[in-house]
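With mmCIF, C-alpha atoms inside, this is input_38.cif:
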data_structure
#
loop_
_atom_site.label_atom_id
_atom_site.label_comp_id
_atom_site.auth_asym_id
_atom_site.auth_seq_id
_atom_site.Cartn_x
_atom_site.Cartn_y
_atom_site.Cartn_z
CA MET A 1 0.00 0.00 0.00
CA THR A 2 1.29 3.44 -0.86
CA GLY A 3 0.78 4.68 2.66
CA SER A 4 4.04 2.94 3.58
CA PHE A 5 6.20 4.77 1.01
CA ALA A 6 7.15 7.64 3.31
CA LYS A 7 8.15 5.22 6.06
CA LEU A 8 10.35 3.41 3.55
CA LEU A 9 11.96 6.76 2.79
CA ILE A 10 12.98 6.99 6.44
CA ALA A 11 14.08 3.36 6.77
CA GLY A 12 15.71 2.99 3.38
CA LEU A 13 17.26 6.32 2.50
CA LEU A 14 18.45 7.32 5.95
CA GLY A 15 19.51 3.84 6.96
CA LEU A 16 17.23 3.70 9.99
CA ALA A 17 16.40 0.10 10.84
CA ALA A 18 12.78 -0.95 11.30
CA CYS A 19 13.46 -1.69 14.97
CA THR A 20 14.80 1.80 15.69
CA SER A 21 13.08 3.32 18.69
CA PRO A 22 11.50 6.80 18.68
CA GLU A 23 14.21 7.97 21.06
CA GLU A 24 16.95 6.73 18.70
CA LEU A 25 15.19 8.43 15.80
CA GLU A 26 15.22 11.69 17.74
CA ARG A 27 18.90 11.33 18.49
CA GLU A 28 19.53 10.66 14.79
CA ALA A 29 17.62 13.83 14.02
CA GLY A 30 19.64 15.81 16.53
CA VAL A 31 16.51 17.14 18.22
CA GLU A 32 16.46 15.16 21.45
CA ASP A 33 17.19 18.04 23.80
CA ASP A 34 14.97 20.94 22.81
CA GLY A 35 14.02 20.61 19.14
CA THR A 36 16.25 23.51 18.13
CA ALA A 37 19.49 23.71 16.17
CA THR A 38 22.41 26.11 15.96
CA ASP A 39 22.78 28.40 12.97
CA ALA A 40 25.66 26.31 11.71
CA THR A 41 23.60 23.13 11.70
CA ALA A 42 20.60 24.85 10.14
CA GLY A 43 22.64 25.89 7.13
CA GLU A 44 24.45 22.59 6.64
CA GLY A 45 24.22 21.25 3.12
CA ALA A 46 22.62 24.40 1.66
CA GLY A 47 25.16 26.15 -0.51
CA ALA A 48 24.73 29.57 -2.04
CA GLY A 49 24.63 28.00 -5.53
CA ASP A 50 21.71 25.68 -4.74
CA ALA A 51 18.58 26.65 -6.68
CA ALA A 52 15.02 25.89 -5.70
CA THR A 53 13.96 23.10 -8.03
CA ALA A 54 10.71 21.25 -8.48
CA ARG A 55 10.75 17.84 -10.14
CA GLU A 56 8.19 15.99 -12.19
CA ILE A 57 8.96 12.59 -13.72
CA SER A 58 6.59 10.88 -16.11
CA GLU A 59 7.62 7.64 -17.81
CA GLU A 60 5.38 5.35 -19.83
CA THR A 61 6.38 2.14 -21.58
CA ASP A 62 4.56 -1.01 -22.64
CA LEU A 63 5.58 -2.51 -19.30
CA TYR A 64 4.87 0.26 -16.81
CA ALA A 65 3.81 3.82 -16.09
CA PHE A 66 5.71 5.77 -13.45
CA SER A 67 5.32 9.31 -12.16
CA PHE A 68 7.05 11.08 -9.29
CA SER A 69 6.93 14.72 -8.30
CA TYR A 70 7.75 17.21 -5.59
CA PRO A 71 7.31 21.00 -5.43
CA GLU A 72 9.95 23.71 -5.46
CA THR A 73 9.49 24.20 -1.70
CA LEU A 74 10.96 20.75 -1.07
CA GLY A 75 13.45 20.90 -3.92
CA ALA A 76 14.94 24.04 -2.38
CA ILE A 77 16.38 21.94 0.47
CA PRO A 78 19.42 20.08 -0.93
CA ALA A 79 19.50 17.30 1.66
CA LEU A 80 15.79 16.59 1.27
CA ARG A 81 15.93 16.90 -2.51
CA ASP A 82 18.73 14.31 -2.63
CA ARG A 83 16.67 11.85 -0.60
CA LEU A 84 13.59 12.34 -2.75
CA ASP A 85 15.61 11.93 -5.96
CA GLU A 86 17.11 8.73 -4.60
CA GLN A 87 13.65 7.47 -3.73
CA ALA A 88 12.42 8.25 -7.26
CA ASN A 89 15.30 6.28 -8.79
CA ARG A 90 14.75 3.33 -6.49
CA GLU A 91 10.98 3.23 -6.94
CA GLU A 92 11.23 3.28 -10.74
CA ALA A 93 13.92 0.60 -10.77
CA ASP A 94 11.81 -1.64 -8.50
CA LEU A 95 8.74 -1.06 -10.66
CA GLN A 96 10.66 -1.85 -13.83
CA ARG A 97 11.92 -5.15 -12.42
CA ALA A 98 8.49 -6.16 -11.12
CA ALA A 99 6.80 -5.29 -14.43
CA ARG A 100 9.40 -7.17 -16.44
CA ASP A 101 8.96 -10.30 -14.30
CA ALA A 102 5.15 -10.09 -14.43
CA SER A 103 5.14 -9.60 -18.20
CA LYS A 104 7.42 -12.59 -18.70
CA GLU A 105 5.22 -14.74 -16.48
CA ALA A 106 2.11 -13.64 -18.38
CA ARG A 107 3.65 -14.65 -21.70
CA GLU A 108 4.76 -18.00 -20.36
CA GLU A 109 1.36 -18.73 -18.82
CA GLY A 110 -0.57 -17.46 -21.83
CA PHE A 111 -2.63 -14.72 -20.16
CA PRO A 112 -2.77 -10.95 -20.82
CA TYR A 113 -0.41 -8.61 -19.05
CA ASN A 114 -1.88 -5.41 -17.64
CA ARG A 115 0.65 -2.60 -17.40
CA TYR A 116 1.90 -1.88 -13.88
CA MET A 117 1.70 1.65 -12.48
CA VAL A 118 3.15 3.66 -9.59
CA THR A 119 2.42 7.34 -8.96
CA ILE A 120 4.01 9.30 -6.10
CA GLU A 121 3.41 12.98 -5.36
CA TRP A 122 5.03 14.84 -2.46
CA LYS A 123 3.38 17.95 -1.01
CA LEU A 124 3.96 20.36 1.86
CA ALA A 125 1.16 20.04 4.44
CA GLY A 126 2.41 22.60 6.96
CA GLN A 127 5.44 24.10 8.63
CA THR A 128 6.75 25.70 11.80
CA ASP A 129 10.08 27.32 12.59
CA ASN A 130 11.56 23.85 13.12
CA TRP A 131 9.53 21.45 10.98
CA LEU A 132 8.15 20.82 7.53
CA SER A 133 5.16 18.46 7.50
CA LEU A 134 5.25 16.42 4.31
CA ILE A 135 2.51 14.39 2.65
CA GLU A 136 3.18 11.68 0.10
CA ASN A 137 0.21 10.78 -2.08
CA GLY A 138 0.63 7.47 -3.85
CA ALA A 139 -1.25 5.15 -6.16
CA THR A 140 -0.34 1.71 -7.48
CA TYR A 141 -1.66 -0.88 -9.88
CA PHE A 142 -0.16 -4.36 -10.04
CA GLY A 143 -2.87 -6.20 -11.94
CA GLY A 144 -6.17 -7.36 -10.50
CA ALA A 145 -9.57 -5.72 -10.43
CA HIS A 146 -8.30 -2.29 -9.38
CA GLY A 147 -5.33 -0.44 -8.03
CA ASN A 148 -4.85 1.02 -4.60
CA TYR A 149 -4.00 4.45 -3.23
CA GLY A 150 -3.34 6.30 -0.01
CA LEU A 151 -1.14 8.83 1.68
CA SER A 152 1.65 8.84 4.19
CA SER A 153 3.27 11.61 6.21
CA VAL A 154 6.68 12.43 7.66
CA LEU A 155 8.29 15.47 9.28
CA TRP A 156 11.50 17.14 8.15
CA HIS A 157 13.48 18.88 10.87
CA SER A 158 14.80 22.04 9.25
CA GLY A 159 17.80 22.40 11.55
CA ALA A 160 18.99 18.80 11.84
CA GLN A 161 18.11 18.00 8.20
CA ARG A 162 16.50 14.70 9.19
CA LEU A 163 13.17 12.92 8.87
CA LEU A 164 10.93 11.81 11.74
CA GLU A 165 7.49 10.26 11.99
CA PRO A 166 4.80 12.65 13.36
CA ILE A 167 3.82 10.31 16.20
CA ASN A 168 7.32 10.72 17.65
CA LEU A 169 6.48 14.29 18.69
CA PHE A 170 3.94 12.84 21.14
CA GLU A 171 4.49 11.07 24.44
CA SER A 172 3.07 7.90 22.91
CA GLN A 173 0.40 6.64 20.58
CA THR A 174 -1.67 5.74 23.64
CA ALA A 175 -1.33 9.27 25.04
CA LEU A 176 -2.50 10.80 21.77
CA GLY A 177 -5.39 8.35 21.55
CA GLU A 178 -6.57 9.27 25.04
CA ALA A 179 -6.26 12.99 24.22
CA LEU A 180 -8.43 12.56 21.13
CA GLY A 181 -11.17 10.86 23.13
CA ASP A 182 -14.13 10.21 20.84
CA ARG A 183 -13.59 13.29 18.62
CA PHE A 184 -12.20 11.27 15.71
CA CYS A 185 -14.82 8.52 15.92
CA VAL A 186 -17.72 10.99 16.02
CA ALA A 187 -16.38 12.96 13.06
CA LEU A 188 -15.67 9.78 11.10
CA ASP A 189 -19.17 8.43 11.65
CA ALA A 190 -20.64 11.72 10.42
CA GLN A 191 -18.74 11.28 7.15
CA ARG A 192 -19.72 7.63 6.93
CA MET A 193 -23.41 8.44 7.35
CA ALA A 194 -23.23 11.09 4.64
CA ARG A 195 -21.70 8.62 2.21
CA ARG A 196 -23.94 5.71 3.18
CA GLY A 197 -27.13 7.71 3.35
CA GLY A 198 -28.06 6.48 6.80
CA GLU A 199 -26.84 5.21 10.14
CA VAL A 200 -23.54 3.41 10.68
CA ASP A 201 -24.11 -0.23 11.60
CA ALA A 202 -22.19 -0.65 14.86
CA ALA A 203 -22.61 -4.42 14.52
CA ASP A 204 -20.47 -4.38 11.38
CA GLU A 205 -17.13 -5.44 12.83
CA ILE A 206 -15.29 -4.48 9.66
CA PHE A 207 -16.66 -1.14 8.48
CA GLY A 208 -18.83 -0.15 11.44
CA ARG A 209 -16.12 0.01 14.08
CA CYS A 210 -13.87 2.98 14.76
CA PRO A 211 -10.33 2.24 13.49
CA ALA A 212 -7.51 2.23 16.01
CA LEU A 213 -4.94 5.02 15.84
CA GLU A 214 -2.25 2.64 14.58
CA GLU A 215 -4.40 1.90 11.52
CA LEU A 216 -4.50 5.58 10.56
CA GLU A 217 -1.99 8.01 9.12
CA LEU A 218 -1.23 11.06 11.26
CA VAL A 219 -0.61 14.35 9.46
CA LEU A 220 0.27 17.59 11.26
CA LEU A 221 -1.16 20.78 9.71
CA SER A 222 -0.18 24.34 10.50
CA ASN A 223 -1.22 27.98 10.25
CA GLY A 224 2.20 28.77 8.82
CA GLU A 225 3.82 29.27 12.22
CA LYS A 226 2.54 26.54 14.57
CA PHE A 227 0.86 23.17 14.24
CA ASP A 228 -2.78 24.07 14.87
CA ARG A 229 -4.55 21.01 13.45
CA LEU A 230 -3.99 17.35 12.85
CA MET A 231 -5.49 15.13 10.21
CA LEU A 232 -6.16 11.43 10.63
CA TYR A 233 -6.31 9.56 7.35
CA ALA A 234 -8.00 6.22 6.74
CA ALA A 235 -7.03 4.52 3.49
CA PRO A 236 -9.55 2.48 1.48
CA TYR A 237 -10.68 -0.63 3.38
CA VAL A 238 -9.68 0.87 6.76
CA ALA A 239 -12.92 2.71 7.59
CA GLY A 240 -15.13 1.61 4.71
CA PRO A 241 -15.25 -0.55 1.58
CA TYR A 242 -13.16 0.38 -1.43
CA ALA A 243 -16.17 1.95 -3.15
CA GLU A 244 -16.46 4.53 -0.33
CA GLY A 245 -12.90 5.69 -0.88
CA ASP A 246 -10.62 7.08 1.79
CA TYR A 247 -11.51 9.23 4.79
CA GLU A 248 -9.82 12.39 6.09
CA VAL A 249 -10.76 13.72 9.51
CA GLU A 250 -9.27 17.07 10.53
CA LEU A 251 -9.24 18.10 14.20
CA SER A 252 -8.01 21.29 15.86
CA ILE A 253 -5.24 21.12 18.44
CA ASP A 254 -6.85 21.53 21.86
CA ASP A 255 -5.34 21.52 25.34
CA ALA A 256 -5.67 17.75 25.69
CA ILE A 257 -3.77 17.08 22.46
CA ARG A 258 -1.11 19.62 23.34
CA GLU A 259 -0.60 17.93 26.72
CA ALA A 260 0.09 14.68 24.86
CA VAL A 261 2.98 16.35 22.99
CA LYS A 262 6.45 15.83 24.44
CA PRO A 263 7.40 18.99 26.36
CA ARG A 264 10.38 19.81 24.12
CA TYR A 265 8.08 19.99 21.08
CA ARG A 266 5.14 21.93 22.55
CA GLU A 267 6.47 25.26 21.33
CA ASP A 268 5.73 24.06 17.81
CA PHE A 269 2.01 23.69 18.62
CA VAL A 270 -0.58 26.40 19.21
CA SER A 271 -1.43 27.06 22.83
#
Take the structure in the file and write it out as structure tokens.
Amino acid sequence: MTGSFAKLLIAGLLGLAACTSPEELEREAGVEDDGTATDATAGEGAGAGDAATAREISEETDLYAFSFSYPETLGAIPALRDRLDEQANREEADLQRAARDASKEAREEGFPYNRYMVTIEWKLAGQTDNWLSLIENGATYFGGAHGNYGLSSVLWHSGAQRLLEPINLFESQTALGEALGDRFCVALDAQRMARRGGEVDAADEIFGRCPALEELELVLLSNGEKFDRLMLYAAPYVAGPYAEGDYEVELSIDDAIREAVKPRYREDFVS
């Protein structure tokens, strides 16, 4: 599922193992103490000759279709741009290999080959003095009745020039879940009822229940200076059948949510 792409960017491009703890991630990012960086660190890797550059790749062959893009805002950061470019190269190479193997198998087995597809689009969701909140929209098709799509989110620390998952700014996933209370579930059910034209069937253990926080993607949104909202994203099949599509629930940062933030990061959230 494409929602995992951004996590692969952390694990693959930065060499962070899957078992790395949040605390180790923070140390890697250089933000363990107070979430700030010296002027020297903030400017590291950004030379005077670096130009702000957007990128848009679009490749189509008989075997596959691949697209990858990011805006100038992200391309203006050399260290981040390098990681995104490396991801683009890796994703296309992986897609090419998979498509070649699938096409060969189709010929050998005597059935039609449907062209594989991967689309990845990076966007800026919000920023503070210390962080850029990044969203990666992705879509894939690897044969079958239909493709799949979703989004994933990571944070870029502007001073340390490192990536971190949004949940690592909070005391724990449990703490954030308790701070949310039933706000997410109530808002989600309102969207479900609008799409379904009636009540949500609580007895439906698949699409009637409220998804757990670990099943959702957390995105931090800002007013340009502080994180003032968060968005919880449910990919297709998480909160409803594929035909209903995905769900996005946006909630304002209140006192309870802010209390769930680790103290050293609270200055990045509205009070």
Q) At what distance in Å, to one decimal, does CA of Leu213 in chain A lie from CA of Ala234 in chain A? A)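 Here the two named atoms are 9.7 Å from each other.
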Q) So, counting all atoms listed in the file, which residue among A:Gly159, A:Pro263, A:Gly224, A:Gly208 is closest to Leu80 in chain A? A) A:Gly159
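Closest approach to Tyr242 in chain A among A:Ser158, A:Thr53, A:Ser172, A:Asn148: A:Asn148, based on all atoms listed in the file.
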Q | Expected selection from the PyMOL selection byres ((chain A and resi 68-78) around 9), given as a ChimeraX atom specification | A | /A:45-47,50-58,66-67,79-84,88,92,118-124,134,158,161
**Q.** Point-to-point distance in Å for CA of Thr174 in chain A and CA of Trp131 in chain A
**A.** 23.1 Å
**Q.** Using only C-alpha atoms: which of A:Arg258, A:Arg209, A:Arg196, A:His157 has the shortest distance to Arg229 in chain A
**A.** A:Arg258
Q: Could you list the residues chosen by the PyMOL selection byres ((chain A and resi 171) around 7) in this structure as a list in words?
A: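 When the PyMOL selection byres ((chain A and resi 171) around 7) is applied to the shown file, the picked residues are Leu169, Phe170, Ser172, Ala175, Ala260, Val261 and Lys262 of chain A.
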**Q.** Residue contacts of Lys104 in chain A (9 Å, only C-alpha atoms) excluding same-chain residues fewer than 5 positions away, as a PyMOL selection string
**A.** chain A and resi 99+109+113
Q) Quick one: residues within 12 Å of Ser103 in chain A, all atoms listed in the file counted, chain neighbours fewer than 6 positions away excluded, as a count of residues only? A) 16
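Between Glu136 in chain A and the candidates A:Tyr247, A:Phe184, A:Phe207, A:Tyr149, the tightest atom-to-atom separation, counting all atoms listed in the file, involves A:Tyr149.
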Q: Apply the PyMOL selection byres ((chain A and resi 269) around 6) to the structure shown and report the selected residues as a list in words.
A: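 Going through the file, the PyMOL selection byres ((chain A and resi 269) around 6) ends up selecting Lys226, Phe227, Arg266, Glu267, Asp268 and Val270 of chain A.
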(Q) Need to verify the contact set: Arg195 in chain A, 10 Å, all atoms listed in the file, exclusion of same-chain residues closer than 6 positions in sequence. Can you return it as a list in words? (A) Asp189, Gly240, Glu244 and Gly245 of chain A
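Counting all atoms listed in the file, the residue from A:Met193, A:Ile135, A:Ala212, A:Ala145 that sits nearest to Leu180 in chain A is A:Ala212.
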Q. For Asn137 in chain A, which of A:Leu221, A:Ala235, A:Leu216, A:Ala256 is the closest residue, counting all atoms listed in the file?
A.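 With all atoms listed in the file as the atom set, the closest residue is A:Ala235.
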